[in-house]
Each structure stands twice: as structure tokens, then as C-alpha cells.
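**Student:** This one is work20.cif, mmCIF, C-alpha atoms (C1' of nucleotides).
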data_entry
#
loop_
_atom_site.label_atom_id
_atom_site.label_comp_id
_atom_site.auth_asym_id
_atom_site.auth_seq_id
_atom_site.Cartn_x
_atom_site.Cartn_y
_atom_site.Cartn_z
CA MET A 520 0.00 0.00 0.00
CA PRO A 521 1.97 2.83 1.32
CA GLU A 522 4.92 4.38 -0.38
CA LEU A 523 7.01 7.13 1.19
CA PRO A 524 4.39 9.90 0.86
CA GLU A 525 1.73 7.75 2.51
CA VAL A 526 4.09 6.75 5.33
CA GLU A 527 5.05 10.39 5.86
CA THR A 528 1.36 11.31 5.95
CA VAL A 529 0.78 8.65 8.60
CA ARG A 530 3.75 9.93 10.59
CA ARG A 531 2.38 13.46 10.55
CA GLY A 532 -1.01 12.17 11.59
CA LEU A 533 0.40 10.22 14.52
CA GLU A 534 2.62 13.03 15.76
CA PRO A 535 -0.06 14.99 17.63
CA ALA A 536 -1.48 11.81 19.18
CA PHE A 537 1.94 10.84 20.52
CA ASP A 538 2.89 14.38 21.54
CA GLY A 539 3.58 14.35 25.26
CA ALA A 540 2.17 10.84 25.57
CA VAL A 541 3.15 8.10 27.93
CA ILE A 542 2.49 4.54 26.82
CA GLU A 543 0.32 3.05 29.51
CA SER A 544 0.19 -0.40 27.94
CA VAL A 545 0.38 -2.23 24.63
CA GLU A 546 -1.88 -5.07 23.53
CA LEU A 547 -0.65 -7.70 21.10
CA ARG A 548 -3.74 -9.38 19.72
CA ARG A 549 -1.77 -11.99 17.81
CA PRO A 550 1.80 -13.25 18.09
CA ASP A 551 2.96 -12.31 14.64
CA LEU A 552 2.52 -10.11 11.62
CA ARG A 553 4.94 -10.75 8.79
CA PHE A 554 7.49 -11.64 11.47
CA PRO A 555 6.87 -12.59 15.10
CA LEU A 556 6.07 -9.54 17.16
CA PRO A 557 8.62 -9.09 19.96
CA ALA A 558 7.04 -10.97 22.86
CA ASP A 559 8.48 -8.42 25.27
CA LEU A 560 7.09 -5.47 23.33
CA PRO A 561 4.40 -4.66 25.92
CA VAL A 562 6.69 -4.92 28.92
CA ARG A 563 9.44 -2.87 27.28
CA LEU A 564 7.15 -0.04 26.18
CA ALA A 565 4.80 0.13 29.16
CA GLY A 566 5.43 3.31 31.14
CA GLN A 567 7.66 4.80 28.46
CA ARG A 568 7.43 8.48 27.59
CA VAL A 569 7.23 9.02 23.83
CA LEU A 570 9.93 11.30 22.48
CA GLY A 571 8.72 11.38 18.90
CA ILE A 572 7.89 9.49 15.76
CA ALA A 573 10.33 9.63 12.86
CA ARG A 574 10.52 8.11 9.40
CA ARG A 575 13.27 6.52 7.34
CA ALA A 576 12.20 5.45 3.84
CA LYS A 577 8.92 3.56 4.39
CA TYR A 578 9.71 2.76 8.04
CA LEU A 579 8.17 4.54 11.00
CA LEU A 580 10.39 4.88 14.08
CA LEU A 581 8.74 5.28 17.47
CA GLN A 582 11.23 6.79 19.88
CA THR A 583 10.78 6.55 23.63
CA ALA A 584 12.76 7.76 26.63
CA ALA A 585 14.38 4.49 27.65
CA ALA A 586 13.23 1.64 25.41
CA PRO A 587 14.80 0.78 22.07
CA THR A 588 13.27 2.50 19.04
CA LEU A 589 10.31 0.55 17.67
CA ILE A 590 10.62 0.06 13.91
CA CYS A 591 7.24 -0.24 12.18
CA HIS A 592 6.50 -1.10 8.56
CA LEU A 593 3.01 -0.90 7.09
CA GLY A 594 3.59 -3.53 4.41
CA MET A 595 0.86 -3.39 1.77
CA THR A 596 -2.26 -2.89 3.87
CA GLY A 597 -1.10 -1.68 7.27
CA SER A 598 -2.67 1.43 8.76
CA PHE A 599 -2.89 3.23 12.07
CA ARG A 600 -5.96 4.90 13.44
CA ILE A 601 -6.41 7.04 16.50
CA GLU A 602 -9.28 6.51 18.89
CA SER A 603 -10.04 8.92 21.66
CA ASP A 604 -12.80 9.00 24.20
CA ALA A 605 -12.50 12.76 24.39
CA ASP A 606 -15.52 14.98 23.92
CA SER A 607 -15.85 15.37 20.18
CA SER A 608 -16.67 19.03 20.65
CA VAL A 609 -13.09 19.69 21.72
CA PRO A 610 -11.13 20.98 18.72
CA GLY A 611 -8.44 18.64 17.52
CA THR A 612 -10.04 15.53 18.91
CA PHE A 613 -12.19 12.98 17.21
CA ARG A 614 -13.80 9.71 17.84
CA HIS A 615 -14.16 6.67 15.64
CA GLU A 616 -16.77 4.03 15.44
CA ARG A 617 -15.23 0.64 15.82
CA SER A 618 -14.30 -0.36 12.29
CA LYS A 619 -15.90 -3.30 10.56
CA ASP A 620 -12.64 -5.13 10.05
CA SER A 621 -11.51 -4.91 13.65
CA VAL A 622 -10.56 -8.58 13.34
CA HIS A 623 -7.43 -7.16 11.73
CA ASP A 624 -6.62 -4.82 14.62
CA HIS A 625 -3.38 -6.48 15.71
CA VAL A 626 -1.59 -4.05 18.01
CA VAL A 627 -3.12 -1.41 20.29
CA PHE A 628 -1.12 1.31 22.05
CA HIS A 629 -2.91 2.79 25.07
CA LEU A 630 -1.69 6.33 25.64
CA ILE A 631 -2.11 8.69 28.57
CA GLY A 632 -0.89 12.20 29.21
CA THR A 633 -2.04 13.57 25.86
CA ARG A 634 -4.12 16.71 25.45
CA ALA A 635 -7.02 14.68 24.07
CA GLY A 636 -7.06 12.48 27.14
CA PRO A 637 -6.70 8.71 27.09
CA THR A 638 -6.08 7.67 23.50
CA ARG A 639 -5.64 4.43 21.60
CA VAL A 640 -3.42 4.08 18.57
CA VAL A 641 -4.52 0.96 16.70
CA PHE A 642 -2.50 -0.88 14.07
CA ASN A 643 -4.70 -2.67 11.54
CA ASP A 644 -3.28 -4.87 8.76
CA PRO A 645 -5.47 -7.37 6.86
CA ARG A 646 -2.67 -8.97 4.84
CA ARG A 647 -0.16 -8.87 7.70
CA PHE A 648 2.77 -7.91 5.49
CA GLY A 649 3.60 -5.21 8.02
CA PHE A 650 5.88 -5.73 11.00
CA MET A 651 7.24 -4.24 14.21
CA LEU A 652 10.73 -4.83 15.54
CA PHE A 653 12.96 -3.20 18.11
CA ALA A 654 16.07 -1.43 16.92
CA ASN A 655 19.43 -2.26 18.47
CA SER A 656 20.67 -0.18 21.39
CA ASP A 657 22.50 2.09 18.92
CA GLY A 658 19.22 2.75 17.09
CA GLY A 659 20.30 0.73 14.06
CA HIS A 660 18.89 -2.46 12.62
CA ALA A 661 19.71 -4.79 9.75
CA MET A 662 16.38 -3.73 8.25
CA LEU A 663 17.59 -0.15 7.98
CA ASP A 664 21.16 -0.84 6.94
CA GLY A 665 21.89 -0.28 3.31
CA LEU A 666 18.83 1.81 2.59
CA GLY A 667 19.46 4.26 -0.22
CA VAL A 668 19.09 8.01 -0.43
CA GLU A 669 15.84 9.71 0.60
CA PRO A 670 14.13 11.29 -2.41
CA THR A 671 13.07 14.23 -0.26
CA GLY A 672 15.12 17.40 -0.02
CA ASN A 673 17.92 18.05 -2.46
CA ALA A 674 20.25 15.12 -1.79
CA LEU A 675 19.00 13.21 -4.83
CA ASP A 676 20.30 15.05 -7.89
CA GLY A 677 21.23 13.97 -11.40
CA PHE A 678 24.84 13.40 -10.44
CA LEU A 679 23.98 11.01 -7.61
CA LEU A 680 21.28 9.19 -9.56
CA ALA A 681 23.63 8.65 -12.50
CA ARG A 682 26.31 7.29 -10.20
CA LEU A 683 23.82 4.93 -8.51
CA PHE A 684 22.45 3.59 -11.80
CA ALA A 685 25.72 3.47 -13.78
CA GLY A 686 26.55 0.01 -15.12
CA ARG A 687 23.19 -1.53 -14.27
CA SER A 688 21.37 -3.55 -16.89
CA ALA A 689 18.11 -3.89 -14.94
CA PRO A 690 15.22 -1.81 -16.30
CA LEU A 691 14.87 1.73 -14.98
CA LYS A 692 11.62 0.79 -13.26
CA ALA A 693 13.31 -2.01 -11.29
CA ALA A 694 16.19 0.27 -10.32
CA LEU A 695 13.78 2.91 -9.00
CA LEU A 696 12.09 0.26 -6.87
CA ASP A 697 15.41 -0.94 -5.42
CA GLN A 698 15.37 0.45 -1.87
CA LYS A 699 19.16 0.14 -1.63
CA LEU A 700 19.53 2.80 -4.31
CA VAL A 701 16.68 5.25 -3.70
CA ALA A 702 14.58 4.55 -0.60
CA GLY A 703 10.87 5.19 -0.57
CA LEU A 704 9.58 4.84 -4.12
CA GLY A 705 7.03 2.11 -4.74
CA ASN A 706 5.10 0.81 -7.70
CA ILE A 707 2.93 3.87 -8.23
CA TYR A 708 5.44 6.67 -7.88
CA ALA A 709 8.09 4.83 -9.88
CA SER A 710 5.74 4.75 -12.89
CA GLU A 711 4.69 8.34 -12.31
CA ALA A 712 8.26 9.61 -12.07
CA LEU A 713 9.29 7.88 -15.29
CA TRP A 714 6.35 9.43 -17.15
CA ARG A 715 7.27 12.88 -15.86
CA ALA A 716 10.85 12.36 -16.98
CA GLY A 717 9.79 11.07 -20.42
CA LEU A 718 11.83 7.90 -19.92
CA SER A 719 10.82 4.36 -20.77
CA PRO A 720 10.52 2.00 -17.80
CA GLN A 721 12.18 -0.66 -19.97
CA ARG A 722 15.33 1.33 -20.66
CA ALA A 723 18.45 -0.04 -18.98
CA ALA A 724 19.09 1.87 -15.75
CA GLY A 725 22.72 2.43 -16.69
CA SER A 726 21.70 4.26 -19.86
CA ILE A 727 20.90 7.43 -17.95
CA ALA A 728 24.55 7.77 -16.90
CA SER A 729 27.37 9.01 -19.12
CA LYS A 730 30.28 6.70 -19.94
CA ASP A 731 32.18 7.79 -16.85
CA GLY A 732 29.10 7.45 -14.65
CA GLY A 733 28.48 11.16 -14.55
CA PRO A 734 25.15 12.95 -14.94
CA THR A 735 23.26 13.36 -18.19
CA GLN A 736 20.14 15.31 -19.10
CA ARG A 737 18.17 12.09 -18.61
CA ALA A 738 19.55 11.63 -15.10
CA GLU A 739 18.80 15.23 -14.25
CA ARG A 740 15.25 14.92 -15.55
CA LEU A 741 14.62 11.71 -13.66
CA ALA A 742 16.04 12.99 -10.37
CA GLU A 743 13.89 16.09 -10.63
CA ALA A 744 10.81 14.02 -11.51
CA VAL A 745 11.33 11.74 -8.51
CA ARG A 746 11.80 14.66 -6.12
CA ASP A 747 8.78 16.49 -7.53
CA VAL A 748 6.35 13.60 -7.52
CA ILE A 749 7.25 12.65 -3.94
CA ALA A 750 7.05 16.24 -2.71
CA GLU A 751 3.70 16.83 -4.42
CA ALA A 752 2.25 13.60 -3.08
CA ILE A 753 3.30 14.45 0.49
CA GLU A 754 1.79 17.89 0.03
CA ALA A 755 -1.49 16.29 -1.08
CA GLY A 756 -1.55 13.96 1.93
CA GLY A 757 -0.68 10.86 -0.08
CA SER A 758 -2.95 8.83 -2.29
CA SER A 759 -5.89 6.81 -1.08
CA LEU A 760 -6.16 3.69 -3.17
CA ARG A 761 -8.36 0.99 -1.78
CA ASP A 762 -7.89 0.63 1.95
CA TYR A 763 -5.40 3.41 2.56
CA MET A 764 -6.56 6.26 4.70
CA HIS A 765 -5.27 8.78 7.16
CA VAL A 766 -5.06 8.13 10.87
CA ASP A 767 -8.25 10.15 11.35
CA GLY A 768 -10.08 8.22 8.65
CA SER A 769 -9.86 10.95 6.03
CA LEU A 770 -8.47 10.36 2.55
CA GLY A 771 -5.47 11.60 0.60
CA TYR A 772 -5.99 13.24 -2.74
CA PHE A 773 -2.95 12.45 -4.82
CA GLN A 774 -4.61 9.65 -6.75
CA HIS A 775 -6.53 12.33 -8.58
CA ARG A 776 -3.19 13.38 -10.01
CA PHE A 777 -1.99 10.10 -11.42
CA PHE A 778 -0.85 10.55 -14.99
CA VAL A 779 -0.24 6.90 -15.83
CA TYR A 780 -0.92 4.59 -12.87
CA ASP A 781 -4.02 2.42 -13.43
CA ARG A 782 -4.82 4.30 -16.66
CA GLU A 783 -4.30 1.48 -19.19
CA GLY A 784 -5.96 2.27 -22.50
CA GLU A 785 -6.55 5.92 -21.63
CA ALA A 786 -5.03 8.89 -23.42
CA CYS A 787 -1.61 10.16 -22.39
CA ARG A 788 -1.99 13.44 -20.55
CA LYS A 789 1.18 15.02 -21.86
CA PRO A 790 0.16 18.07 -23.88
CA GLY A 791 0.48 17.36 -27.59
CA CYS A 792 1.10 13.63 -27.10
CA ASN A 793 -1.42 11.37 -28.83
CA GLY A 794 -0.18 8.20 -27.12
CA VAL A 795 -2.21 5.68 -25.13
CA ILE A 796 -1.15 4.37 -21.73
CA HIS A 797 0.08 0.79 -21.81
CA ARG A 798 0.34 -1.73 -18.98
CA ILE A 799 3.21 -4.20 -18.89
CA VAL A 800 4.55 -6.51 -16.19
CA GLN A 801 8.10 -6.04 -14.94
CA SER A 802 9.49 -8.31 -12.23
CA GLY A 803 5.96 -9.37 -11.43
CA ARG A 804 4.56 -5.87 -10.97
CA SER A 805 2.38 -3.74 -13.20
CA THR A 806 4.06 -0.84 -14.95
CA PHE A 807 2.07 1.88 -16.70
CA PHE A 808 3.66 4.12 -19.32
CA CYS A 809 3.18 5.97 -22.59
CA PRO A 810 5.24 4.34 -25.36
CA VAL A 811 5.02 7.52 -27.43
CA CYS A 812 6.52 10.13 -25.11
CA GLN A 813 8.57 7.85 -22.86
CA ARG A 814 11.68 6.71 -24.70
"C1'" DA B 349 27.45 -9.00 -7.90
"C1'" DC B 350 23.33 -8.73 -10.16
"C1'" DA B 351 18.71 -9.92 -11.81
"C1'" DT B 352 14.32 -12.33 -11.72
"C1'" DA B 353 10.61 -15.52 -9.85
"C1'" DG B 354 8.32 -17.22 -5.80
"C1'" DA B 355 6.65 -16.70 -1.27
"C1'" DC B 356 4.05 -14.57 2.37
"C1'" DC B 357 -1.58 -13.21 3.43
"C1'" DT B 358 -6.44 -11.41 2.83
"C1'" DG B 359 -9.65 -8.72 0.31
"C1'" DT B 360 -11.59 -6.72 -3.92
"C1'" DT B 361 -12.65 -6.71 -8.68
"C1'" DG B 362 -13.97 -8.09 -13.20
"C1'" DG B 363 -15.31 -11.61 -16.49
"C1'" DC B 364 -18.30 -15.38 -17.50
"C1'" DT C 60 -26.69 -13.56 -8.48
"C1'" DG C 61 -22.62 -16.69 -7.97
"C1'" DC C 62 -18.05 -18.43 -8.76
"C1'" DC C 63 -13.27 -18.01 -9.68
"C1'" DA C 64 -9.13 -16.17 -11.51
"C1'" DA C 65 -6.42 -12.21 -11.46
"C1'" DC C 66 -4.69 -8.57 -9.04
"C1'" DA C 67 -3.32 -5.26 -5.09
"C1'" DG C 68 0.58 0.22 -2.44
"C1'" DG C 69 6.13 -4.37 -0.15
"C1'" DT C 70 10.19 -6.91 0.42
"C1'" DC C 71 12.55 -11.16 2.02
"C1'" DT C 72 14.29 -15.56 0.21
"C1'" DA C 73 15.86 -18.72 -3.07
"C1'" DT C 74 17.57 -19.59 -7.61
"C1'" DG C 75 19.62 -18.57 -11.94
#
The structure given in the file should be rewritten as C-alpha cells.

**Tutor:**
Amino acid sequence: MPELPEVETVRRGLEPAFDGAVIESVELRRPDLRFPLPADLPVRLAGQRVLGIARRAKYLLLQTAAAPTLICHLGMTGSFRIESDADSSVPGTFRHERSKDSVHDHVVFHLIGTRAGPTRVVFNDPRRFGFMLFANSDGGHAMLDGLGVEPTGNALDGFLLARLFAGRSAPLKAALLDQKLVAGLGNIYASEALWRAGLSPQRAAGSIASKDGGPTQRAERLAEAVRDVIAEAIEAGGSSLRDYMHVDGSLGYFQHRFFVYDREGEACRKPGCNGVIHRIVQSGRSTFFCPVCQR
DNA sequence: ACATAGACCTGTTGGC
DNA sequence: TGCCAACAGGTCTATG
């Protein structure tokens, strides 16, 4: 489900709920998600003051005063929602009906000390591809090692992208999905970025680098497209395909701005282009692109 | 080292 | 309406 913009949207949604909070208790309603949940998760987090919630790539990092950082991944269908018993007339608070698929509520954080009063943060994940693990005492974890550059900010430029992709024969689409190179793109935004850059998803990744691995116009265009699509999607609050929604149950709007994703057979939206969007399968995943303006 | 297919799960969708 | 195959935002593992 969630790519970097959706995870960042979730992080921003959780921030106020965790602000100033103390974890009173944690319920594990099943022993495992994708991996076994740490059996000592409740005892380690109970009584902990929350320092903040951060993000690295598609991972959420829950930081507490004295317990190891809790690394959370949403997988394909993971989501958090916030439940508060506070008076709904108090600004900034809200209350949810118990959701229909509460059978997939797997982890519940009971929080106290927040402005909204006692609050529950509930992790729901029908497919259970998500997971939660404790970081090592130094804050690191094998899961985070080797992650590539964040596509936010200005770190990712044409020079870096060309160097990362130089010499690779895998298709551009596969390289953009490789979290060891650029961390945070998923199946939707990889297709969208390639369309914006006018580059074919089937082109060899190395072909956007010059002979010495330096930047080219193609690398510059692609780096800019990646940065732009991620920044715009975060700005829009992420997309809301299928089951994805915000922590307060509201929806993101970026899916209204897809230029190629899930648009097979429809007209290319590039001005002056008379192409039609095609769908192909690359490494088992759908890719959408315009064969006319993406070369 | 690099690249691709299979695996993990449940829910939704589209064709017949 | 019902049934079933195909597909879904991710990424780890095994195999070439």
C-alpha cells in the first residue's frame, strides 16, 4: 500500500497523538505479523514516555525515553488509526466508530498524558505484510542498513542518480524500486516519475549515466521528476487507493493526479502527445507508461 | 554481484 | 446472483 508519501502522511497524523504521551500499555492481539512480534514489546514499552515518531524510507520509528526505538512497517495494507474518548466538541479531537474489520486490529497502544485524554493508537493490517521490531541499542537495525538516499530534499540530484544507476542492466523501473539505491519509491510513484521524466521503464538503468558514470540530461530529468512527484504527493496527503486512509479516517488526494498509474488504454496526458497508456509486467509488478513520449 | 521468480496473506474486482 | 481467476501500495528468500 503505502509508499514514502503515505508513510510520511501517517507519521504526521500520529505526531499529535503521541505528543507528550506516555504509553500506559500495549496489547498484542496476535503473536505475529509478517514476522513474530517481539514478545516483550508490551513490557518494554509500558510506562515509556514518547519522544517522537520519525521516518526513514517507508519505516516509522517510534522513539521513547528508555526503550529501544520501535521500527514499524506498514507492508501493503497496514494502517494506524487514533481513537479517543474525548468529547468530540473539543477541537483537535475525534472519535471513531469501531471499524468493521476490527478482526485485523493487531496491536493497540494505550496512551495517557495527551491533550485529548486517554487515546488508543490501533494498528490494523489485513494482509499482515507489516511488521514491528525493536532497533538495536544504537538505534540501528539490519532492516535499515543499506537503505538508499531519501528522495526528499535536495540530496537526490542527477549526479547522484547517475552514479547509482551506472553500469546496471536492470530496467529503470526495477532500479527505481530498489530500496538500496533510492529509498521510498514504490510501484505507483516509480511509474509516475518515469512518465514525468519522459523515460521508458524498460530502458536499462545504466543508460541514464554518461560513460564515466556522470550525470546526463536524462539523469537530471529523472532525479527532478522523482523529487517532484514525492514532494507533491506528500503535500497532497498521499494517495488513497483501496484501503489506505489517514489516521483520522480521512483520505489523501494524490490519486486524482496520477498521470499513468491504473490508466491502461486511456489517453496520455502530456500536452500534444497522442499516445495511449500501456500496462506491462516487470518483475511481477504492473508498470504503466506511454510508449510515445517515454523513450 | 546482479537480476528475476516465488513466497508470504487477505480482500476486492472483473469476467463469465 | 454466484463463482473463480487475477490482481493489489512491499520486500525477504531462493535460484539462476

**Student:** In terms of the shortest atom-to-atom distance over all atoms listed in the file, which of A:Ile727, A:Val562, A:Met595, A:Leu547 is closest to chain B?

**Tutor:** A:Met595

**Student:** What are the nearest atom pairs, with distances in Å to one decimal, for all residues of chain A that come at most 9 Å from chain B, using only C-alpha atoms (C1' of nucleotides), set out by chain and rising residue number as a tab-separated table?

**Tutor:**
residue	atom	partner	partner_atom	distance
A:Arg553	CA	B:DC356	C1'	7.5
A:Pro645	CA	B:DT358	C1'	5.8
A:Arg646	CA	B:DC357	C1'	4.6
A:Arg647	CA	B:DC357	C1'	6.3
A:Phe648	CA	B:DC357	C1'	7.2
A:Arg687	CA	B:DC350	C1'	8.3
A:Ser688	CA	B:DA351	C1'	8.6
A:Ala689	CA	B:DA351	C1'	6.8
A:Arg761	CA	B:DT360	C1'	8.6
A:Ser802	CA	B:DT352	C1'	6.3
A:Gly803	CA	B:DA353	C1'	7.9

**Student:** Residues of chain C that have any atom at most 12 Å from an atom of chain A: could you tabulate them with the shortest-distance atom pair and the distance in Å to one decimal, using all atoms listed in the file, ordered by chain and increasing number, as JSON lines?

**Tutor:**
{"residue": "C:DC66", "atom": "C1'", "partner": "A:Ser805", "partner_atom": "CA", "distance": 9.5}
{"residue": "C:DA67", "atom": "C1'", "partner": "A:Met520", "partner_atom": "CA", "distance": 8.0}
{"residue": "C:DG68", "atom": "C1'", "partner": "A:Met520", "partner_atom": "CA", "distance": 2.5}
{"residue": "C:DG69", "atom": "C1'", "partner": "A:Gly594", "partner_atom": "CA", "distance": 5.3}
{"residue": "C:DT70", "atom": "C1'", "partner": "A:Gly594", "partner_atom": "CA", "distance": 8.4}
{"residue": "C:DC71", "atom": "C1'", "partner": "A:Arg553", "partner_atom": "CA", "distance": 10.2}

**Student:** Quick one: pull the distance between CA of Ala540 (chain A) and CA of Glu602 (chain A), Å, one decimal.

**Tutor:**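 Taking CA of Ala540 (chain A) as the start and CA of Glu602 (chain A) as the end point, the length is 13.9 Å.
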
**Student:** Please compute the CA of Phe777 (chain A)-CA of Glu711 (chain A) distance, one decimal, in Å.

**Tutor:**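 Rounded to one decimal, the two atoms are 7.0 Å apart.
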
**Student:** Figure out the distance between CA of Tyr772 (chain A) and CA of Cys812 (chain A), please, to one decimal in Å.

**Tutor:** 25.8 Å

**Student:** Could you tell me which residues the PyMOL selection byres ((chain A and resi 667) around 8) grabs in this file, written as a list in words?

**Tutor:**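 The output of the PyMOL selection byres ((chain A and resi 667) around 8) on this file is Gly665, Leu666, Val668, Glu669, Gln698, Lys699, Leu700, Val701 and Ala702 of chain A.
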
**Student:** Which is closest to Pro670 (chain A) among A:Leu579, A:Ala723, A:Arg568, A:Glu751, if we use all atoms listed in the file?

**Tutor:**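 Looking only at the distances to Pro670 (chain A), the closest residue turns out to be A:Glu751.
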